[in-house]
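Read the structure below first, then the notes.
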Amino acid sequence: MKRFFLLFAFTAAALTSSAQLLYKISGNGLKSPSYIVGTYHLAPVSFVDSIPGMRQAMDHCQQTYGELVMSEALGADSVAMMQQALMLPGDMTLDRLLSAEEMGRLNAYMKELMGMDMTNPILKQQMNKMTPSALSTALTVLGFVKKGGNMDLQNSFDDYFQKQARAQGKGVGGLETIAFQVKVLYNGQTLERQKELLMCQVDNADSMDKMTDGIVKAYFAQDLEAIKEAMDQKLNNSCDTTPEENAALIDNRNADWLTKMPALMAQKPTLFAVGAGHLPGTKGVLHLLRQAGYKVEGVGK
């Protein structure tokens with residue numbers, strides 16, 4: 001389920017009194033506290049004002065770090081790298097990678113989702129060269145839009161924090177590079193595994209909808225533990241994320257961030273804005289910060 005978390009949005013749920021997405025990091029020699037906020041890539045920018053203490057934390061911090069430097073992610077070189085990663089190699093196409101029976105199941109799913117499938121020559125031209133992972137992402141976003149979600153890729157929730165910092169003359173940085181994320185998120189699995197997961201999405205549409213709705217509702221309720229619980233739900237078959245995939249997508253990246261965050265916080269009070277799925281759990285960033293000697297407190301109402 002972790003691979004789907006960043007791809008869905010739904011209707012915001014009511015805030016709970018104990019729920020928090022924003023955390024204050026202090027102690028362990030820091031002269032001034034830093035903050036970390038869990039983001040959701042398809043949340044509207046207006047949701048910032050629903051996070052208690054967010055504006056004050058932004059004003060306090062002297063630099064902002066995300067997973068990526070978002071302005072670089074939208075640059076020509078990065079876009080070209082991403083486009084290459086989203087396409088099947090050589091003369092490979094989806095209708096060659098999938099069997100005729102699998103294509104039939106995929107087309108039925110697409111027909112239900114968007115009213116057309118890859119028997120449509122225009123759609124086939126657009127999508128037949130996409131990797132299964134890329135198509136899965138595209139279909140997920142279409143499902144989000146179908147449910148009434150609004151997308152503004154030029155003003156994303158993650159990018160908002162960096163744009164605000166830059167407008168105030170503050171520093172902006174990324175904990176990872178575009179090349180690294182392309183390697184992990186798009187090239188980290190074989191085409192066979194990507195195909196398997198695409199068909200999991202096709203064949204378990206109702207179950208996937210229920211699980212992802214739970215994740216998104218938990219996010220808008222600002223409930224990290226509920227986010228983790230929803231992310232950890234299983235179908236108890238090969239559709240479930242393997243321990244190795246969990247490590248690559250979440251755990252190893254969290255540990256790597258903890259090698260970089262202390263120096264950044266010692267340099268200046270820093271706002272870290274990263275995917276909320278990275279924060280909870282014993283291998284999550286909040287626990288790792290506490291293990292490293294920092295005091296980590298939720299910022300309440």
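Residues are named by chain letter and number: chains run A, B, ... in the order of the structure tokens, numbers start at 1 in each chain, and ligands are numbered from 1 in the order shown.
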| field | Polymer residues at most 12 Å from range 81-91 of chain A, only C-alpha atoms, same-chain spacing of 3 or more positions, as an MDAnalysis selection string | value | chainID A and resid 72:78 94:97 126:138 177:191 194:195
| task | Do a neighbour search on Asn204 in chain A at 10 Å with only C-alpha atoms, toss out local chain neighbours closer than 5 positions, and write the hits as a PyMOL selection string. | result | chain A and resi 199+209+235+239
Just the selected residues (N, CA, C and O atoms), exported as a PDB file, in the first residue's frame, please.
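Written file, out-v2.pdb:
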```
ATOM      1  N   MET A 199      -1.775  -4.935 -12.501  1.00  0.00           N
ATOM      2  CA  MET A 199      -2.920  -5.839 -12.553  1.00  0.00           C
ATOM      3  C   MET A 199      -3.582  -5.963 -11.179  1.00  0.00           C
ATOM      4  O   MET A 199      -4.799  -6.182 -11.089  1.00  0.00           O
ATOM      5  N   ASP A 209      -9.622   1.153  -3.413  1.00  0.00           N
ATOM      6  CA  ASP A 209     -10.351   2.391  -3.126  1.00  0.00           C
ATOM      7  C   ASP A 209     -10.581   2.545  -1.625  1.00  0.00           C
ATOM      8  O   ASP A 209     -10.381   3.634  -1.060  1.00  0.00           O
ATOM      9  N   LEU A 235      -3.615  -7.207   1.471  1.00  0.00           N
ATOM     10  CA  LEU A 235      -4.546  -8.090   0.779  1.00  0.00           C
ATOM     11  C   LEU A 235      -4.148  -9.556   0.963  1.00  0.00           C
ATOM     12  O   LEU A 235      -4.855 -10.453   0.551  1.00  0.00           O
ATOM     13  N   CYS A 239       0.065  -8.846  -4.137  1.00  0.00           N
ATOM     14  CA  CYS A 239      -0.147  -7.406  -4.317  1.00  0.00           C
ATOM     15  C   CYS A 239       0.462  -6.599  -3.179  1.00  0.00           C
ATOM     16  O   CYS A 239       0.697  -5.398  -3.333  1.00  0.00           O
TER      17      CYS A 239
END
```
| Would you give me, as number ranges by chain, the residues in range 212-275 of chain A that DSSP reads as strand (DSSP E)? | A: 270-275
| query | Hey, what's within 6 Å of Val37 in chain A if we count only C-alpha atoms and toss same-chain stuff fewer than 5 positions away? As JSON, numbers by chain, please? | reply | {"A": [21, 22, 273]}
| request: May I have the residues within 10 Å of Gly169 in chain A as a VMD selection string, using only C-alpha atoms and disregarding those fewer than 5 positions away in the same chain? | output: chain A and resid 62 to 63 163 to 164
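Minimum atom-to-atom distances from A:Pro262, A:Ser46, A:Ala57, A:Gly277 to Ala165 in chain A were compared using only C-alpha atoms, and the lowest value belongs to A:Ala57.
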| task | List every residue of range 57-289 of chain A that DSSP, applied to the backbone, labels as helix (DSSP H, G or I), and write the result as a PyMOL selection string. | result | chain A and resi 57-60+70-73+76-85+94-97+100-114+121-127+132-146+153-155+157-167+178-186+191-203+205-220+224-231+243-257+261-267+276-278+285-289
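For the choices A:Leu286, A:Leu175, A:Ala247, A:Met211, the atom-to-atom distance to Ala230 in chain A is smallest for A:Met211 when using only C-alpha atoms.
When only C-alpha atoms are used to measure the gap to Asn254 in chain A, the shortest distance among A:Glu67, A:Glu102, A:Glu229, A:Asp159 belongs to A:Glu67.
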